[in-house]
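Everything below concerns the one structure shown next.
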Number of protein chains: 2
Amino acid sequence: MTEAALTELPAAAPGSKSEQAYQAVKGRIVEGTYTPGYRLVLGSIAKDLGVSVVPVREAIRRLEAEGLVKFERNVGATVAGIDPTEYLYTMQTLSIVEGAATALSAPLIDAVAIARARAMNEEMRECLDHFDPVRFTKLNQDFHSVLFEHCPNPHILDLVHRGWNRLAALRSSTFRFVPGRARDSVEEHENLLTLIEIGAGADEIEKAARLHRSATLDAYLRQTNNL
Amino acid sequence: MTEAALTELPAAAPGSKSEQAYQAVKGRIVEGTYTPGYRLVLGSIAKDLGVSVVPVREAIRRLEAEGLVKFERNVGATVAGIDPTEYLYTMQTLSIVEGAATALSAPLIDAVAIARARAMNEEMRECLDHFDPVRFTKLNQDFHSVLFEHCPNPHILDLVHRGWNRLAALRSSTFRFVPGRARDSVEEHENLLTLIEIGAGADEIEKAARLHRSATLDAYLRQTNNL
DNA sequence: AGGATAGTGATCGTATACGATTTCATACCC
DNA sequence: GGGTATGAAATCGTATACGATCACTATCCT
């Protein structure tokens with residue numbers, strides 16, 4: 001459950017080499033093995049995975065469609081870079097679909113799940129004291145996963161996952177842990193949980209979830225402007 | 001401009017056979033030549049377009065990712081069918097991203113564009129009197145295009161386009177023209193234009209745009225339940 | 001006659017091969 | 001010496017070929 005329960009929408013057949021290549025390359029991007037700018041050569045990856053170039057090519061194309069890879073004709077593919085504008089657009093889009101997903105999920109989240117989420121949030125608070133950004137980030141993802149996983153609309157859920165993947169891919173070079181913002185974030189999480197618990201209206205929950213991410217974006221912008 | 005100014009996000013290289021196949025098949029689906037359930041055989045399409053199966057396969061995969069095609073391993077591809085649940089999800093997702101896109105565009109729409117949109121809306125009103133559903137639908141698309149086309153966030157814009165494409169693909173068998181709803185729709189369009197003109201807040205515009213589509217969905221649900 | 005089963009055809013998935021385009025380095029000319 | 005042209009290497013894009021899987025039919029057994 002803590003492990004990526006990303007049930008992503010339609011894909012290639014589960015056992016196919018194409019799917020295998022997709023998972024492998026995507027994993028290495030999201031995990032950080034392939035950092036932005038890394039050159040993805042079809043032949044090399046194919047040899048590395050022990051498959052032909054055709055499935056690899058298909059995998060790269062899927063990753064391109066998800067914005068994780070840039071693919072130029074007759075030139076090659078590279079892991080998508082860290083364009084601040086792109087970051088802004090991704091965050092903005094995510095704030096919208098994430099807000100919607102949370103609002104749609106809210107009525108379907110049971111007390112057990114809320115308790116689980118709250119425990120995570122408390123542990124995040126501790127991470128702030130011990131300064132453990134890595135665990136904090138992981139917990140943050142799991143926390144929101146609990147809020148999403150009941151979203152009945154698979155399209156919206158898929159969009160949320162794609163956004164998270166993009167951010168994960170950029171994380172290593174873009175994301176910087178800002179303790180001040182992180183502390184606010186934990187409070188916003190608690191507020192969100194409360195809203196869900198008391199059965200607040202969808203509009204209110206959506207707005208709160210959206211602002212939660214917008215605030216992160218604002219913190220990023222403020223930080224970069226202050227350089 | 002009236003013609004699909006769909007500048008869709010990353011794609012295959014413009015001149016490639018893959019892109020050519022993609023455009024051809026997508027066009028036939030959206031236009032209605034290939035209706036839901038139509039069997040897409042890679043070899044046949046390849047021969048038909050005068051290319052190999054590899055680019056065709058790639059095109060089909062892209063269409064699958066966009067939800068226009070269903071592709072089963074070792075079985076074949078068919079044009080995506082008319083699952084009422086899927087229709088509901090698509091409309092719900094569209095109401096969200098469309099609302100956001102409209103709100104983001106609003107401040108950037110100039111008076112000329114608004115006048116153009118209003119003219120379209122008035123012509124739609126006339127279409128109701130002469131009962132011309134085809135032209136009404138076309139005008140409706142163009143009307144909303146005017147509202148979208150200035151959306152600064154390309155991701156959101158892309159999501160809106162994908163939603164419209166899915167609806168276009170389903171149109172021929174799902175969509176039924178409901179004059180009562182259409183008349184309300186025209187009024188909502190006018191309200192939207194007014195909100196934009198007076199420089200209403202983003203929240204208000206977003207809510208209005210979202211409700212505009214939700215109302216269409218509701219009308220559909222009411223209609224099917226009354227059968 | 002009904003159901004299971006083997007055979008046949010069709011279709012997809014992948015590998016390999018080749019041509020086209022780009023990139024980079026080297027040599028040449030001015 | 002600097003800029004340009006030429007060549008080779010690398011990489012992608014596509015075609016073709018073959019194996020794997022699935023659906024469908026006709027036959028055989030009970």
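Lettering and numbering for the structure tokens are positional, with chains as A, B, ... in the shown order, residues counted from 1 in each chain, and ligands counted from 1 in the shown order.
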What are the residues of chain B lining chain D at 9 Å or less? Count only C-alpha atoms (C1' of nucleotides), and put the answer as a short mmCIF file (atom, residue, chain, number, x, y, z; two decimals) with all heavy atoms, in the first residue's frame.
data_model
loop_
_atom_site.label_atom_id
_atom_site.label_comp_id
_atom_site.auth_asym_id
_atom_site.auth_seq_id
_atom_site.Cartn_x
_atom_site.Cartn_y
_atom_site.Cartn_z
N SER B 16 6.35 12.63 -40.15
CA SER B 16 6.55 11.19 -40.07
C SER B 16 5.31 10.40 -40.48
O SER B 16 4.20 10.89 -40.39
CB SER B 16 6.95 10.80 -38.65
OG SER B 16 5.87 11.01 -37.78
N LYS B 17 5.53 9.19 -40.90
CA LYS B 17 4.42 8.31 -41.29
C LYS B 17 3.57 8.01 -40.08
O LYS B 17 2.35 7.86 -40.18
CB LYS B 17 4.97 7.02 -41.87
CG LYS B 17 6.11 7.23 -42.84
CD LYS B 17 5.79 6.72 -44.21
CE LYS B 17 6.93 7.03 -45.15
NZ LYS B 17 6.73 6.45 -46.48
N VAL B 51 1.60 2.62 -45.88
CA VAL B 51 2.76 2.58 -44.99
C VAL B 51 2.86 1.21 -44.36
O VAL B 51 2.02 0.34 -44.57
CB VAL B 51 2.66 3.66 -43.89
CG1 VAL B 51 2.59 5.04 -44.50
CG2 VAL B 51 1.47 3.40 -42.99
N SER B 52 3.90 1.04 -43.55
CA SER B 52 4.10 -0.23 -42.87
C SER B 52 3.22 -0.30 -41.62
O SER B 52 2.59 0.66 -41.23
CB SER B 52 5.56 -0.39 -42.53
OG SER B 52 5.75 -1.30 -41.48
N VAL B 53 3.21 -1.45 -40.98
CA VAL B 53 2.37 -1.59 -39.80
C VAL B 53 2.97 -0.91 -38.57
O VAL B 53 2.25 -0.57 -37.64
CB VAL B 53 2.10 -3.08 -39.46
CG1 VAL B 53 1.33 -3.74 -40.57
CG2 VAL B 53 3.39 -3.79 -39.17
N VAL B 54 4.26 -0.73 -38.56
CA VAL B 54 4.90 -0.18 -37.36
C VAL B 54 4.39 1.23 -37.03
O VAL B 54 4.00 1.48 -35.89
CB VAL B 54 6.43 -0.20 -37.50
CG1 VAL B 54 7.07 0.39 -36.27
CG2 VAL B 54 6.92 -1.62 -37.74
N PRO B 55 4.39 2.15 -37.99
CA PRO B 55 3.85 3.48 -37.67
C PRO B 55 2.37 3.42 -37.31
O PRO B 55 1.92 4.17 -36.43
CB PRO B 55 4.05 4.27 -38.96
CG PRO B 55 5.01 3.50 -39.77
CD PRO B 55 4.92 2.08 -39.36
N ARG B 73 -4.50 -7.21 -26.51
CA ARG B 73 -3.34 -7.99 -26.93
C ARG B 73 -3.78 -9.19 -27.78
O ARG B 73 -4.66 -9.95 -27.39
CB ARG B 73 -2.59 -8.48 -25.70
CG ARG B 73 -1.35 -9.26 -26.00
CD ARG B 73 -0.82 -9.91 -24.72
NE ARG B 73 0.33 -10.78 -25.00
CZ ARG B 73 1.59 -10.40 -24.91
NH1 ARG B 73 1.88 -9.18 -24.56
NH2 ARG B 73 2.56 -11.25 -25.19
N ASN B 74 -3.13 -9.34 -28.90
CA ASN B 74 -3.35 -10.49 -29.78
C ASN B 74 -4.79 -10.59 -30.27
O ASN B 74 -5.18 -11.62 -30.79
CB ASN B 74 -2.99 -11.80 -29.08
CG ASN B 74 -1.51 -11.95 -28.92
OD1 ASN B 74 -0.75 -11.46 -29.75
ND2 ASN B 74 -1.08 -12.60 -27.86
N VAL B 75 -5.56 -9.56 -30.06
CA VAL B 75 -6.95 -9.61 -30.50
C VAL B 75 -7.19 -8.52 -31.53
O VAL B 75 -7.69 -8.79 -32.62
CB VAL B 75 -7.91 -9.44 -29.32
CG1 VAL B 75 -9.33 -9.31 -29.81
CG2 VAL B 75 -7.76 -10.62 -28.36
#
What are the residues of chain A lining chain B at 9 Å or less? Count only C-alpha atoms, and put the answer as an mmCIF file with C-alpha atoms, in the first residue's frame.
data_model
loop_
_atom_site.group_PDB
_atom_site.id
_atom_site.type_symbol
_atom_site.label_atom_id
_atom_site.label_comp_id
_atom_site.auth_asym_id
_atom_site.auth_seq_id
_atom_site.Cartn_x
_atom_site.Cartn_y
_atom_site.Cartn_z
ATOM 1 C CA LEU A 9 -5.207 3.750 -16.846
ATOM 2 C CA PRO A 10 -4.975 1.635 -20.020
ATOM 3 C CA ALA A 11 -1.501 0.604 -20.924
ATOM 4 C CA ALA A 12 0.255 -1.980 -22.977
ATOM 5 C CA ALA A 13 -0.408 -5.608 -22.135
ATOM 6 C CA SER A 16 4.656 -7.460 -22.955
ATOM 7 C CA VAL A 54 10.761 -1.600 -31.173
ATOM 8 C CA GLU A 58 7.069 2.435 -27.893
ATOM 9 C CA ARG A 61 6.828 7.436 -26.828
ATOM 10 C CA ARG A 62 4.511 6.767 -23.915
ATOM 11 C CA GLU A 64 7.015 11.439 -23.973
ATOM 12 C CA ALA A 65 3.226 11.679 -23.925
ATOM 13 C CA GLY A 67 5.928 14.626 -20.291
ATOM 14 C CA LYS A 70 11.646 14.755 -24.807
ATOM 15 C CA PHE A 71 11.968 12.961 -28.104
ATOM 16 C CA GLU A 72 13.386 14.651 -31.187
ATOM 17 C CA ARG A 73 13.240 13.197 -34.640
ATOM 18 C CA LEU A 88 4.572 26.146 -12.860
ATOM 19 C CA TYR A 89 2.151 24.674 -15.384
ATOM 20 C CA THR A 90 2.439 21.229 -13.880
ATOM 21 C CA GLN A 92 -1.155 24.581 -11.544
ATOM 22 C CA THR A 93 -2.705 21.672 -13.393
ATOM 23 C CA ILE A 96 -6.847 21.652 -10.144
ATOM 24 C CA VAL A 97 -7.113 17.920 -10.722
ATOM 25 C CA ALA A 100 -11.159 17.676 -7.715
ATOM 26 C CA PRO A 152 -14.328 7.142 -8.380
ATOM 27 C CA ASN A 153 -13.341 8.877 -11.595
ATOM 28 C CA PRO A 154 -10.366 6.995 -13.059
ATOM 29 C CA HIS A 155 -9.552 9.743 -15.550
ATOM 30 C CA ILE A 156 -9.017 12.315 -12.850
#
Per residue of chain C within 8 Å of chain A, which atom pair is closest and at what distance in Å (one decimal), using only C-alpha atoms (C1' of nucleotides), listed by chain and increasing number, as a tab-separated table?
residue	atom	partner	partner_atom	distance
C:DG13	C1'	A:Ser16	CA	7.9
C:DT14	C1'	A:Ser52	CA	7.0
C:DA15	C1'	A:Ser52	CA	6.2
C:DT21	C1'	A:Asn74	CA	6.0
C:DT22	C1'	A:Asn74	CA	6.3
Using DSSP assignments from the backbone, pull out every residue in region 58-181 of chain B that falls under strand (DSSP E) and give it to me as a ChimeraX atom specification.
/B:69-72,76-79
Between CA of Ala103 (chain A) and CA of Arg222 (chain A), measure the distance and give it in Å to one decimal.
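Between these atoms lies a distance of 27.9 Å.
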